[in-house]
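Note: the block below is coords_33.cif and it holds mmCIF, C-alpha atoms and all ligand atoms.
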data_data
#
loop_
_atom_site.label_atom_id
_atom_site.label_comp_id
_atom_site.auth_asym_id
_atom_site.auth_seq_id
_atom_site.Cartn_x
_atom_site.Cartn_y
_atom_site.Cartn_z
CA MET A 21 3.04 -22.11 -8.77
CA ASN A 22 4.98 -20.53 -5.94
CA ILE A 23 4.94 -16.77 -5.58
CA GLU A 24 8.27 -16.18 -7.39
CA SER A 25 6.87 -17.96 -10.48
CA LYS A 26 3.54 -16.17 -10.20
CA CYS A 27 5.44 -12.88 -10.39
CA LEU A 28 6.58 -13.97 -13.86
CA TYR A 29 3.57 -15.83 -15.24
CA SER A 30 0.32 -14.74 -13.59
CA GLY A 31 -2.04 -12.43 -15.43
CA TYR A 32 -0.73 -12.90 -18.97
CA SER A 33 -0.15 -16.14 -20.90
CA PRO A 34 0.67 -15.55 -24.57
CA LYS A 35 -0.80 -17.97 -27.06
CA ASN A 36 0.99 -19.38 -30.08
CA GLY A 37 2.81 -16.58 -31.92
CA GLU A 38 1.84 -13.85 -29.44
CA PRO A 39 4.38 -11.52 -27.75
CA GLN A 40 6.29 -13.02 -24.84
CA ALA A 41 6.35 -9.64 -23.06
CA LEU A 42 3.04 -8.12 -21.94
CA PRO A 43 2.01 -5.70 -24.75
CA ILE A 44 1.02 -2.10 -23.99
CA TYR A 45 -2.52 -1.65 -25.32
CA GLN A 46 -2.19 2.06 -25.99
CA SER A 47 -5.83 2.63 -26.91
CA THR A 48 -8.68 4.48 -25.27
CA THR A 49 -11.30 2.24 -26.83
CA PHE A 50 -12.02 -1.15 -28.43
CA LYS A 51 -13.91 -1.98 -31.62
CA TYR A 52 -17.03 -4.14 -31.88
CA ALA A 53 -19.14 -5.32 -34.81
CA SER A 54 -22.63 -5.23 -33.31
CA THR A 55 -24.68 -2.98 -31.02
CA ALA A 56 -26.01 -6.11 -29.30
CA GLN A 57 -22.52 -7.07 -28.20
CA VAL A 58 -21.71 -3.60 -26.89
CA ALA A 59 -25.03 -3.65 -25.00
CA LYS A 60 -24.01 -6.90 -23.30
CA LEU A 61 -20.69 -5.37 -22.20
CA PHE A 62 -22.48 -2.33 -20.80
CA ASP A 63 -24.94 -4.53 -18.94
CA LEU A 64 -21.96 -6.43 -17.44
CA GLU A 65 -23.33 -9.62 -18.96
CA GLU A 66 -20.14 -10.33 -20.88
CA ASP A 67 -16.50 -9.68 -20.06
CA GLY A 68 -14.68 -7.44 -22.47
CA PHE A 69 -13.02 -4.07 -22.90
CA PHE A 70 -14.80 -1.07 -24.32
CA TYR A 71 -13.25 2.05 -22.81
CA SER A 72 -9.94 2.27 -20.95
CA ARG A 73 -11.41 4.23 -18.03
CA LEU A 74 -13.25 1.04 -17.06
CA GLY A 75 -10.70 -1.51 -18.18
CA ASN A 76 -7.69 -2.01 -20.43
CA PRO A 77 -6.05 -5.33 -21.37
CA THR A 78 -2.56 -4.31 -20.16
CA VAL A 79 -3.85 -2.92 -16.88
CA ASN A 80 -6.13 -5.92 -16.44
CA ALA A 81 -3.27 -8.41 -16.85
CA VAL A 82 -1.34 -6.66 -14.07
CA GLU A 83 -4.44 -6.50 -11.89
CA ASN A 84 -4.89 -10.25 -12.25
CA LYS A 85 -1.24 -10.83 -11.39
CA ILE A 86 -1.43 -8.73 -8.22
CA ALA A 87 -4.71 -10.41 -7.21
CA ASP A 88 -2.98 -13.77 -7.58
CA LEU A 89 0.08 -12.65 -5.58
CA GLU A 90 -2.10 -11.52 -2.68
CA GLY A 91 -4.42 -14.52 -2.97
CA GLY A 92 -7.51 -12.44 -3.82
CA VAL A 93 -10.42 -12.82 -6.23
CA GLY A 94 -9.78 -9.58 -8.12
CA ALA A 95 -7.89 -6.31 -8.18
CA LEU A 96 -8.30 -2.78 -9.45
CA MET A 97 -5.36 -0.56 -10.37
CA THR A 98 -5.69 3.15 -9.69
CA SER A 99 -3.77 6.28 -10.63
CA SER A 100 -1.96 6.46 -7.26
CA GLY A 101 -1.77 4.90 -3.82
CA GLN A 102 -3.82 7.82 -2.53
CA SER A 103 -6.70 7.04 -4.87
CA ALA A 104 -6.50 3.35 -3.87
CA SER A 105 -6.83 4.26 -0.15
CA PHE A 106 -9.68 6.65 -0.86
CA MET A 107 -11.64 4.35 -3.16
CA SER A 108 -11.12 1.30 -0.94
CA LEU A 109 -13.06 3.17 1.77
CA LEU A 110 -15.53 5.09 -0.40
CA ASN A 111 -16.62 1.72 -1.79
CA ILE A 112 -17.92 0.93 1.74
CA LEU A 113 -18.70 4.26 3.45
CA GLY A 114 -20.65 7.40 2.70
CA ALA A 115 -21.60 10.63 4.46
CA GLY A 116 -22.68 9.86 8.02
CA ASP A 117 -20.52 6.74 8.32
CA HIS A 118 -17.48 6.19 10.53
CA PHE A 119 -14.35 4.04 10.39
CA ILE A 120 -11.43 3.22 12.67
CA SER A 121 -7.79 3.56 11.68
CA SER A 122 -4.50 2.77 13.30
CA GLY A 123 -2.64 6.03 13.90
CA SER A 124 0.59 4.52 12.51
CA ILE A 125 -0.07 5.16 8.83
CA TYR A 126 1.37 7.19 5.97
CA GLY A 127 1.11 10.98 6.46
CA GLY A 128 -0.71 11.48 3.16
CA THR A 129 -3.31 8.96 4.27
CA VAL A 130 -3.73 10.81 7.59
CA ASN A 131 -4.54 14.01 5.67
CA LEU A 132 -6.97 12.17 3.41
CA PHE A 133 -8.80 10.65 6.39
CA ASN A 134 -8.56 13.57 8.79
CA VAL A 135 -9.30 16.49 6.47
CA THR A 136 -10.68 15.62 3.06
CA MET A 137 -12.88 12.67 4.01
CA ARG A 138 -14.21 14.54 7.07
CA LYS A 139 -15.30 17.33 4.69
CA MET A 140 -17.30 14.66 2.86
CA GLY A 141 -19.04 13.69 6.11
CA ILE A 142 -17.02 10.51 6.72
CA ASP A 143 -15.77 10.35 10.31
CA VAL A 144 -12.63 8.57 11.50
CA THR A 145 -11.23 7.57 14.89
CA PHE A 146 -7.46 7.10 15.05
CA LEU A 147 -6.23 4.58 17.62
CA ASP A 148 -2.74 3.80 18.79
CA ASN A 149 -1.20 0.97 16.73
CA ASP A 150 -0.75 -0.86 20.07
CA ALA A 151 -4.32 -0.26 21.30
CA SER A 152 -5.64 -3.11 23.44
CA GLU A 153 -8.51 -5.30 22.28
CA ASP A 154 -10.81 -3.50 24.71
CA GLU A 155 -9.75 -0.07 23.42
CA ILE A 156 -10.41 -1.16 19.84
CA ARG A 157 -13.81 -2.63 20.76
CA ALA A 158 -14.76 0.58 22.59
CA ALA A 159 -14.12 2.68 19.47
CA PHE A 160 -16.89 0.97 17.47
CA LYS A 161 -20.11 2.94 16.98
CA PRO A 162 -23.36 1.86 15.30
CA ASN A 163 -22.25 3.61 12.08
CA THR A 164 -18.69 2.13 12.03
CA LYS A 165 -18.19 0.34 8.72
CA ALA A 166 -14.47 -0.37 8.27
CA VAL A 167 -11.09 -0.73 9.98
CA PHE A 168 -7.79 0.39 8.42
CA GLY A 169 -4.06 -0.19 9.14
CA GLU A 170 -0.62 -0.50 7.51
CA THR A 171 1.38 -3.76 7.64
CA ILE A 172 4.66 -1.84 8.07
CA SER A 173 3.91 1.82 8.67
CA ASN A 174 5.53 4.60 6.68
CA PRO A 175 7.60 6.29 8.15
CA THR A 176 7.38 5.04 11.75
CA ILE A 177 8.04 1.34 10.91
CA HIS A 178 5.48 -0.12 13.27
CA ILE A 179 4.02 -3.54 12.54
CA PHE A 180 0.23 -3.79 12.45
CA ASP A 181 -1.19 -6.76 14.38
CA ILE A 182 -3.50 -7.72 11.50
CA GLU A 183 -4.98 -10.81 13.14
CA LYS A 184 -5.97 -8.97 16.32
CA TRP A 185 -7.63 -6.05 14.52
CA ALA A 186 -9.30 -8.39 12.00
CA LYS A 187 -10.84 -10.46 14.77
CA ILE A 188 -12.44 -7.38 16.36
CA ALA A 189 -13.56 -5.95 12.99
CA HIS A 190 -15.27 -9.25 12.21
CA GLU A 191 -16.93 -9.44 15.66
CA ASN A 192 -18.49 -6.12 14.63
CA LYS A 193 -19.33 -7.42 11.14
CA VAL A 194 -17.18 -4.88 9.30
CA PRO A 195 -14.30 -5.42 6.86
CA ILE A 196 -10.64 -4.61 7.54
CA ILE A 197 -8.47 -2.91 4.92
CA VAL A 198 -4.67 -3.28 5.10
CA ASP A 199 -2.17 -1.06 3.27
CA ASN A 200 0.52 -3.61 2.39
CA THR A 201 2.81 -1.21 0.47
CA PHE A 202 6.08 -1.69 2.36
CA ALA A 203 5.75 -5.44 2.95
CA THR A 204 4.50 -6.41 -0.53
CA PRO A 205 2.89 -9.86 -0.92
CA ILE A 206 6.39 -11.38 -0.90
CA LEU A 207 7.00 -10.51 2.77
CA CYS A 208 3.41 -10.63 4.06
CA ARG A 209 0.03 -11.68 2.68
CA PRO A 210 -2.55 -9.96 4.91
CA PHE A 211 -5.45 -12.14 3.69
CA GLU A 212 -3.80 -15.09 5.48
CA PHE A 213 -4.29 -13.19 8.75
CA GLY A 214 -7.90 -12.20 8.18
CA ALA A 215 -7.67 -8.96 6.17
CA ASP A 216 -10.56 -8.52 3.74
CA ILE A 217 -9.16 -5.85 1.42
CA VAL A 218 -5.51 -5.03 0.66
CA ILE A 219 -4.28 -1.86 -0.95
CA HIS A 220 -0.86 -0.79 -2.22
CA SER A 221 0.93 2.24 -3.45
CA THR A 222 2.53 0.46 -6.45
CA THR A 223 4.78 3.54 -6.65
CA LYS A 224 7.00 1.93 -4.00
CA TYR A 225 8.50 -1.59 -4.16
CA MET A 226 6.12 -2.99 -6.80
CA ASP A 227 7.42 -0.52 -9.38
CA GLY A 228 10.63 -0.18 -7.39
CA HIS A 229 12.54 1.81 -10.01
CA ALA A 230 11.06 5.29 -9.31
CA LEU A 231 9.23 5.32 -12.67
CA THR A 232 5.48 5.51 -12.14
CA ILE A 233 2.87 6.60 -9.60
CA GLY A 234 0.13 4.03 -9.04
CA GLY A 235 -2.07 2.14 -6.65
CA VAL A 236 -4.06 -1.06 -6.45
CA ILE A 237 -6.99 -2.42 -4.44
CA VAL A 238 -7.23 -6.21 -3.96
CA ASP A 239 -10.37 -8.03 -2.80
CA SER A 240 -10.02 -11.27 -0.82
CA GLY A 241 -13.60 -12.20 -1.68
CA ASN A 242 -14.03 -13.34 1.93
CA PHE A 243 -16.15 -10.59 3.44
CA ASP A 244 -19.89 -11.25 3.72
CA TRP A 245 -21.66 -8.03 2.66
CA THR A 246 -25.12 -9.53 3.00
CA GLY A 247 -25.51 -10.73 6.59
CA SER A 248 -25.52 -7.60 8.76
CA GLY A 249 -27.72 -5.15 6.88
CA LYS A 250 -24.89 -2.60 7.19
CA PHE A 251 -24.05 -2.51 3.48
CA PRO A 252 -27.25 -1.85 1.51
CA GLU A 253 -25.21 -0.58 -1.46
CA TYR A 254 -24.22 -4.21 -2.00
CA THR A 255 -27.57 -5.87 -1.48
CA THR A 256 -30.03 -3.46 -3.09
CA PRO A 257 -30.24 -2.33 -6.73
CA ASP A 258 -27.68 0.24 -7.97
CA GLU A 259 -29.86 2.60 -9.98
CA SER A 260 -26.74 4.14 -11.54
CA TYR A 261 -26.04 0.75 -13.10
CA HIS A 262 -29.34 -0.60 -14.45
CA GLY A 263 -30.42 -1.78 -11.01
CA VAL A 264 -27.65 -4.35 -10.59
CA VAL A 265 -27.43 -5.96 -7.12
CA TYR A 266 -23.70 -6.52 -6.68
CA THR A 267 -23.77 -9.45 -4.25
CA GLU A 268 -26.39 -11.29 -6.31
CA ARG A 269 -24.72 -10.83 -9.66
CA PHE A 270 -21.05 -11.00 -8.69
CA GLY A 271 -20.95 -13.08 -5.49
CA LYS A 272 -17.46 -13.10 -3.99
CA SER A 273 -16.29 -10.37 -6.40
CA ALA A 274 -19.04 -7.90 -5.43
CA TYR A 275 -16.65 -5.42 -3.76
CA ILE A 276 -14.08 -5.18 -6.53
CA VAL A 277 -16.64 -5.10 -9.37
CA LYS A 278 -18.54 -2.32 -7.61
CA ALA A 279 -15.30 -0.36 -7.13
CA ARG A 280 -14.68 -0.53 -10.87
CA VAL A 281 -18.08 -0.01 -12.44
CA GLN A 282 -19.27 2.59 -9.94
CA LEU A 283 -16.27 4.45 -8.47
CA LEU A 284 -13.67 4.15 -11.22
CA ARG A 285 -16.38 5.02 -13.73
CA ASP A 286 -17.37 8.14 -11.78
CA LEU A 287 -14.04 9.34 -10.33
CA GLY A 288 -11.83 8.33 -13.26
CA CYS A 289 -8.59 7.89 -11.25
CA VAL A 290 -7.49 5.17 -13.63
CA GLN A 291 -4.07 3.61 -14.17
CA SER A 292 -2.61 3.93 -17.70
CA ALA A 293 -1.50 1.00 -19.81
CA GLU A 294 2.07 2.25 -19.97
CA CYS A 295 2.37 2.72 -16.21
CA ALA A 296 0.83 -0.71 -15.62
CA PHE A 297 3.45 -2.16 -17.97
CA HIS A 298 6.21 -0.64 -15.81
CA VAL A 299 4.62 -2.00 -12.63
CA ASN A 300 4.50 -5.41 -14.29
CA GLN A 301 8.20 -5.25 -15.03
CA GLY A 302 8.82 -4.34 -11.41
CA LEU A 303 6.70 -7.26 -10.22
CA GLU A 304 8.76 -9.71 -12.28
CA THR A 305 11.82 -9.06 -10.11
CA LEU A 306 10.02 -8.09 -6.88
CA PRO A 307 10.84 -11.36 -5.04
CA LEU A 308 14.56 -10.85 -5.63
CA ARG A 309 14.54 -7.14 -4.89
CA ILE A 310 12.47 -7.05 -1.71
CA ILE A 311 14.53 -9.84 -0.13
CA LYS A 312 17.77 -8.06 -1.05
CA HIS A 313 16.41 -4.70 0.19
CA SER A 314 15.58 -6.44 3.48
CA GLU A 315 19.00 -8.13 3.77
CA ASN A 316 20.82 -4.88 2.99
CA ALA A 317 18.71 -2.91 5.46
CA ASP A 318 19.41 -5.52 8.15
CA ILE A 319 23.17 -5.15 7.57
CA ILE A 320 23.07 -1.34 7.50
CA ALA A 321 20.85 -1.14 10.61
CA HIS A 322 23.30 -3.29 12.60
CA GLU A 323 26.31 -1.26 11.34
CA LEU A 324 24.65 2.07 12.14
CA GLU A 325 23.75 0.92 15.64
CA LYS A 326 27.49 0.62 16.38
CA HIS A 327 28.44 4.03 14.95
CA PRO A 328 29.45 6.63 17.59
CA LYS A 329 27.62 9.51 15.83
CA ILE A 330 24.31 7.65 15.74
CA GLU A 331 21.90 8.16 18.63
CA SER A 332 19.49 5.33 17.80
CA VAL A 333 18.31 3.05 15.01
CA TRP A 334 14.82 1.66 14.59
CA TYR A 335 14.45 -1.46 12.42
CA PRO A 336 12.54 -4.67 13.17
CA THR A 337 15.51 -7.07 13.03
CA LEU A 338 17.44 -5.16 15.73
CA SER A 339 17.23 -6.66 19.22
CA SER A 340 16.23 -3.18 20.47
CA TYR A 341 13.00 -3.35 18.40
CA PRO A 342 10.22 -4.12 20.87
CA TYR A 343 7.77 -6.05 18.66
CA GLN A 344 9.77 -9.22 17.93
CA ASP A 345 6.69 -11.44 18.20
CA ARG A 346 4.94 -9.47 15.46
CA ARG A 347 8.02 -9.50 13.26
CA GLU A 348 8.30 -13.28 13.52
CA LYS A 349 4.61 -13.76 12.82
CA TYR A 350 4.02 -11.29 9.98
CA LEU A 351 7.45 -10.70 8.42
CA PRO A 352 9.54 -13.88 8.73
CA LYS A 353 11.25 -13.36 5.35
CA GLY A 354 12.35 -9.74 5.88
CA CYS A 355 11.19 -6.28 6.84
CA SER A 356 11.77 -4.15 3.70
CA GLY A 357 14.51 -1.58 3.15
CA VAL A 358 13.26 1.28 5.29
CA ILE A 359 15.11 2.26 8.48
CA ALA A 360 14.55 5.19 10.85
CA VAL A 361 17.78 6.67 12.19
CA LYS A 362 18.44 9.43 14.70
CA ILE A 363 21.86 10.99 14.47
CA LYS A 364 23.47 12.65 17.47
CA GLY A 365 22.76 16.38 17.36
CA GLY A 366 19.93 18.56 16.12
CA ARG A 367 18.14 19.68 12.97
CA GLU A 368 21.26 21.38 11.48
CA ASP A 369 23.47 18.33 12.08
CA ALA A 370 20.97 16.08 10.34
CA ALA A 371 20.79 18.50 7.41
CA LYS A 372 24.60 18.71 7.25
CA PHE A 373 24.81 14.92 7.19
CA ILE A 374 22.36 14.67 4.29
CA ASP A 375 24.02 17.48 2.34
CA SER A 376 27.37 15.66 2.67
CA LEU A 377 26.17 12.41 1.08
CA LYS A 378 27.70 11.66 -2.32
CA MET A 379 26.11 8.48 -3.67
CA ILE A 380 22.91 8.32 -1.63
CA SER A 381 20.20 10.63 -2.99
CA LEU A 382 18.01 13.07 -1.13
CA LEU A 383 14.49 12.32 -2.36
CA VAL A 384 10.86 12.58 -1.39
CA HIS A 385 10.49 8.89 -2.10
CA VAL A 386 11.13 5.49 -0.56
CA ALA A 387 11.44 1.93 -1.75
CA ASP A 388 13.63 2.65 -4.76
CA ILE A 389 16.44 0.38 -6.03
CA ARG A 390 18.84 3.27 -5.20
CA THR A 391 19.41 4.17 -1.57
CA CYS A 392 17.68 7.41 -0.66
CA VAL A 393 17.17 9.54 2.43
CA LEU A 394 14.61 12.00 3.63
CA HIS A 395 14.97 14.43 6.53
CA PRO A 396 11.39 15.23 7.57
CA ALA A 397 12.42 18.26 9.68
CA SER A 398 13.92 20.06 6.68
CA SER A 399 11.46 18.86 4.01
CA THR A 400 7.99 17.39 4.54
CA HIS A 401 7.71 18.90 8.05
CA ARG A 402 9.94 21.98 7.67
CA GLN A 403 7.23 24.48 8.59
CA LEU A 404 7.03 23.01 12.10
CA THR A 405 9.00 24.29 15.09
CA ASN A 406 11.03 21.84 17.17
CA GLU A 407 8.17 21.73 19.69
CA GLN A 408 5.60 21.01 16.99
CA LEU A 409 7.84 18.34 15.51
CA ALA A 410 8.05 16.65 18.90
CA ALA A 411 4.26 16.74 19.18
CA ALA A 412 4.01 15.05 15.78
CA GLY A 413 6.40 12.33 16.99
CA ILE A 414 9.10 13.44 14.57
CA GLU A 415 12.41 14.37 16.15
CA PRO A 416 14.51 17.07 14.44
CA ASN A 417 17.40 14.61 14.08
CA LEU A 418 15.28 11.82 12.55
CA ILE A 419 16.27 10.56 9.11
CA ARG A 420 14.35 8.06 7.05
CA LEU A 421 16.77 5.86 5.15
CA SER A 422 15.48 3.67 2.32
CA VAL A 423 18.19 1.11 1.65
CA GLY A 424 18.67 0.16 -2.00
CA LEU A 425 20.43 -2.61 -3.86
CA GLU A 426 23.97 -1.19 -3.93
CA ASN A 427 26.82 -3.09 -2.28
CA THR A 428 26.37 -2.44 1.45
CA ASP A 429 30.07 -1.51 1.79
CA ASP A 430 29.44 1.39 -0.59
CA ILE A 431 26.31 2.47 1.31
CA MET A 432 28.18 2.41 4.64
CA ALA A 433 31.20 4.20 3.15
CA ASP A 434 28.99 7.07 1.98
CA ILE A 435 27.14 7.27 5.31
CA THR A 436 30.42 7.17 7.27
CA GLN A 437 32.09 9.94 5.26
CA ALA A 438 28.97 12.13 5.65
CA LEU A 439 28.83 11.50 9.40
CA ASP A 440 32.51 12.53 9.59
CA LYS A 441 31.48 16.00 8.31
CA ILE A 442 29.40 16.77 11.42
C1 LIG B 1 3.42 6.38 -0.68
C2 LIG B 1 2.39 5.70 0.12
C3 LIG B 1 1.03 5.90 -0.13
C4 LIG B 1 0.52 6.87 -1.17
O1 LIG B 1 0.85 6.39 -2.43
P1 LIG B 1 1.07 7.35 -3.72
O2 LIG B 1 1.34 6.35 -4.79
O3 LIG B 1 2.21 8.27 -3.40
O4 LIG B 1 -0.21 8.09 -3.92
C5 LIG B 1 0.11 5.18 0.63
N1 LIG B 1 0.52 4.33 1.58
C6 LIG B 1 1.82 4.12 1.85
C7 LIG B 1 2.21 3.16 2.92
C8 LIG B 1 2.80 4.79 1.14
O5 LIG B 1 4.10 4.57 1.42
#
Render the structure in this file as structure tokens.
Amino acid sequence: MNIESKCLYSGYSPKNGEPQALPIYQSTTFKYASTAQVAKLFDLEEDGFFYSRLGNPTVNAVENKIADLEGGVGALMTSSGQSASFMSLLNILGAGDHFISSGSIYGGTVNLFNVTMRKMGIDVTFLDNDASEDEIRAAFKPNTKAVFGETISNPTIHIFDIEKWAKIAHENKVPIIVDNTFATPILCRPFEFGADIVIHSTTKYMDGHALTIGGVIVDSGNFDWTGSGKFPEYTTPDESYHGVVYTERFGKSAYIVKARVQLLRDLGCVQSAECAFHVNQGLETLPLRIIKHSENADIIAHELEKHPKIESVWYPTLSSYPYQDRREKYLPKGCSGVIAVKIKGGREDAAKFIDSLKMISLLVHVADIRTCVLHPASSTHRQLTNEQLAAAGIEPNLIRLSVGLENTDDIMADITQALDKI
């Protein structure tokens, strides 16, 4: 099947007389007739559900769908994108280890890496998204165990050169994790460019309707955990799980099984059946939505560029966007709905513009079916002075616009009337 059909059919195939729509298995636990059978489930000798912290049929169906969309061997849904980022790394690194990240990533992920994970003894080096091959190579240390980047970065809209970073990660025998939230597997499939692990905040386009917080980790099955001696957790017995050796027992699925039976078991940041059901509904129409979001954003970006009250627009399909080669390579079908816009004027003018919008909503969110805006200088970054904002690379007149599925004439009409107020 092609990806549009997989969005409808992967993960769940009802048998004769069963519900056509994926059922919500609203149950913490599952009933068995014999202790011997439950023992087999606990020993991971048989597949089956026993407690929804470790697995639930609704959640599992959606996991299998997302794994299929990305072209991976397995997936694990989590309670949020944040927990997916965290667990994707904690499944590889521990205290005393180090990883390398592109600096063009989501602000919440920067905090996680720079503050919380450092407190746990996990060290990170941030590199410029455009770092040269030599600069990336020079950042590796003996204890470096992973590389991380975002396909399309939130909110700076940079494109991560997955193939380049993957090549250098693999020269150093470490896996590369790509946050594919904004692109979704419809616009880009990072495994095709050498990524080993993909994560998503399903809160964004996968759900797409502003209903549920969630995340997912997808395993390509391609990374060799055995060769380098760097990943003993994979190749030696896990005493917390009856001495299982993940690479021996689970082969290509070692990473994603370990994430579930070790980390999800212990941390408990699990996705609920009902939220997974909503994500599944989002996935069914994702191919239509993400293409339309991209088309609408392309139209709005070009219109805004011509508007006299706009200072600059940053979107990959504009000729002013400097990374055309990366756009053509990684995002040939579209670049999502998110645009960065600077209006002429300062912090107050940007705020006045946003307060004058009628249809478009002011939200701390992106990637919704309804167009929304965020003004970092008066919300997420409001405690910063103009000088501090500049240091953080966020201008006081910067607005993040997430273009929805409305008629673009209506979106432009609202933007134009609000610009007229300043
Ligand atoms: C929103 C977001 C996250 C965090 O996801 P939550 O679901 O809000 O926890 C991570 N990465 C990217 C790119 C995001 O946009």
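Reported to one decimal place, the separation of CA of Arg346 (chain A) from CA of Glu315 (chain A) is 18.3 Å.
Here CA of Gln291 (chain A) stands at a distance of 22.5 Å from CA of Gly127 (chain A).
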Q. If you count only C-alpha atoms and all ligand atoms, which residues end up within 6 Å of ligand LIG 1 (chain B), as an MDAnalysis selection string?
A. chainID A and resid 100:102 126 174 201 221 223 233:235
(Q) Using all atoms listed in the file, which protein or nucleic acid residues come within 8 Å of Met97 (chain A)? Drop anything in the same chain fewer than 2 positions from it, and give the result as JSON, numbers by chain. (A) {"A": [79, 83, 95, 99, 104, 234, 235, 236, 237, 290, 291]}
Residues from last step as file, C-alpha atoms, as an mmCIF file, in the coordinates of the input:
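Wrote again.cif, looks like this:
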data_model
loop_
_atom_site.group_PDB
_atom_site.id
_atom_site.type_symbol
_atom_site.label_atom_id
_atom_site.label_comp_id
_atom_site.auth_asym_id
_atom_site.auth_seq_id
_atom_site.Cartn_x
_atom_site.Cartn_y
_atom_site.Cartn_z
ATOM 1 C CA VAL A 79 -3.850 -2.920 -16.880
ATOM 2 C CA GLU A 83 -4.440 -6.500 -11.890
ATOM 3 C CA ALA A 95 -7.890 -6.310 -8.180
ATOM 4 C CA SER A 99 -3.770 6.280 -10.630
ATOM 5 C CA ALA A 104 -6.500 3.350 -3.870
ATOM 6 C CA GLY A 234 0.130 4.030 -9.040
ATOM 7 C CA GLY A 235 -2.070 2.140 -6.650
ATOM 8 C CA VAL A 236 -4.060 -1.060 -6.450
ATOM 9 C CA ILE A 237 -6.990 -2.420 -4.440
ATOM 10 C CA VAL A 290 -7.490 5.170 -13.630
ATOM 11 C CA GLN A 291 -4.070 3.610 -14.170
#
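When all atoms listed in the file are used to compute distances to Tyr225 (chain A), the closest of the residues A:Ile86, A:Leu338, A:Val135, A:Ile389 turns out to be A:Ile389.
We find CA of Glu253 (chain A) and CA of Phe146 (chain A) to be spaced 25.4 Å apart.
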Q: Extract, using all atoms listed in the file, all DNA, RNA and protein residues at most 8 Å from Lys193 (chain A), discarding same-chain residues fewer than 3 positions from it, and format them as a ChimeraX atom specification.
A: /A:189-190,248
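If you measure from each of A:Pro39, A:Ile182, A:Ile197, A:Asn149 to Val167 (chain A) using all atoms listed in the file, the closest one turns out to be A:Ile197.
Of the listed residues A:Ser422, A:Asn134, A:Asn111, A:Gln437, the one whose atoms come nearest to Lys372 (chain A) is A:Gln437, with distances taken using all atoms listed in the file.
Checking A:Val361, A:Val299, A:Leu147, A:Val238 one by one against Val423 (chain A), counting only C-alpha atoms, you find the shortest gap at A:Val361.
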Q: Would you list the residues near (12.6, -12.6, -10.1) (no more than 8 Å away, in the coordinates of the file, using all atoms listed in the file) as a list in words?
A: Glu24, Ser25, Cys27, Leu28, Leu303, Glu304, Thr305, Leu306, Pro307, Leu308 and Arg309 of chain A
(Q) Let me make sure I understand: among A:Gly365, A:Pro77, A:Pro416, A:Gly228, which one has the smallest atom-to-atom distance to His395 (chain A) if we use all atoms listed in the file? (A) A:Pro416
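With distances restricted to only C-alpha atoms, A:Thr222 is the closest residue to Leu96 (chain A) from A:Thr222, A:Ser260, A:Gln57, A:Thr337.
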May I have a table of the residues of region 285-349 of chain A lying at most 12 Å from region 384-387 of chain A, giving each one's closest pair of atoms and their distance in Å to one decimal, counting all atoms listed in the file, ordered by chain and ascending residue number, as CSV?
residue,atom,partner,partner_atom,distance
A:Gly302,CA,A:Ala387,CA,11.8
A:Leu306,CA,A:Ala387,CA,11.3
A:Arg309,CA,A:Ala387,CA,10.1
A:Ile310,CA,A:Ala387,CA,9.0
A:Lys312,CA,A:Ala387,CA,11.8
A:His313,CA,A:Ala387,CA,8.5
A:Ser314,CA,A:Ala387,CA,10.7
A:Ala317,CA,A:Ala387,CA,11.3
Q. What's the 12 Å shell around Gly288 (chain A), counting only C-alpha atoms, without same-chain residues fewer than 4 positions away, as an MDAnalysis selection string?
A. chainID A and resid 71:75 97:100 103:104 107 279:284 292
Prev. selection, C-alpha atoms, output as a PDB file, keeping the file's coordinate frame:
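The result, written out as out_2.pdb:
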ATOM      1  CA  TYR A  71     -13.250   2.050 -22.810  1.00  0.00           C
ATOM      2  CA  SER A  72      -9.940   2.270 -20.950  1.00  0.00           C
ATOM      3  CA  ARG A  73     -11.410   4.230 -18.030  1.00  0.00           C
ATOM      4  CA  LEU A  74     -13.250   1.040 -17.060  1.00  0.00           C
ATOM      5  CA  GLY A  75     -10.700  -1.510 -18.180  1.00  0.00           C
ATOM      6  CA  MET A  97      -5.360  -0.560 -10.370  1.00  0.00           C
ATOM      7  CA  THR A  98      -5.690   3.150  -9.690  1.00  0.00           C
ATOM      8  CA  SER A  99      -3.770   6.280 -10.630  1.00  0.00           C
ATOM      9  CA  SER A 100      -1.960   6.460  -7.260  1.00  0.00           C
ATOM     10  CA  SER A 103      -6.700   7.040  -4.870  1.00  0.00           C
ATOM     11  CA  ALA A 104      -6.500   3.350  -3.870  1.00  0.00           C
ATOM     12  CA  MET A 107     -11.640   4.350  -3.160  1.00  0.00           C
ATOM     13  CA  ALA A 279     -15.300  -0.360  -7.130  1.00  0.00           C
ATOM     14  CA  ARG A 280     -14.680  -0.530 -10.870  1.00  0.00           C
ATOM     15  CA  VAL A 281     -18.080  -0.010 -12.440  1.00  0.00           C
ATOM     16  CA  GLN A 282     -19.270   2.590  -9.940  1.00  0.00           C
ATOM     17  CA  LEU A 283     -16.270   4.450  -8.470  1.00  0.00           C
ATOM     18  CA  LEU A 284     -13.670   4.150 -11.220  1.00  0.00           C
ATOM     19  CA  SER A 292      -2.610   3.930 -17.700  1.00  0.00           C
TER      20      SER A 292
END
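With only C-alpha atoms taken into account, the protein and nucleic acid residues at most 8 Å from Phe180 (chain A) (excluding it and anything under 6 positions from it in its own chain) are Asn149, Gly169, Glu170, Thr171, Ile172, Ser173 and Arg346 of chain A.
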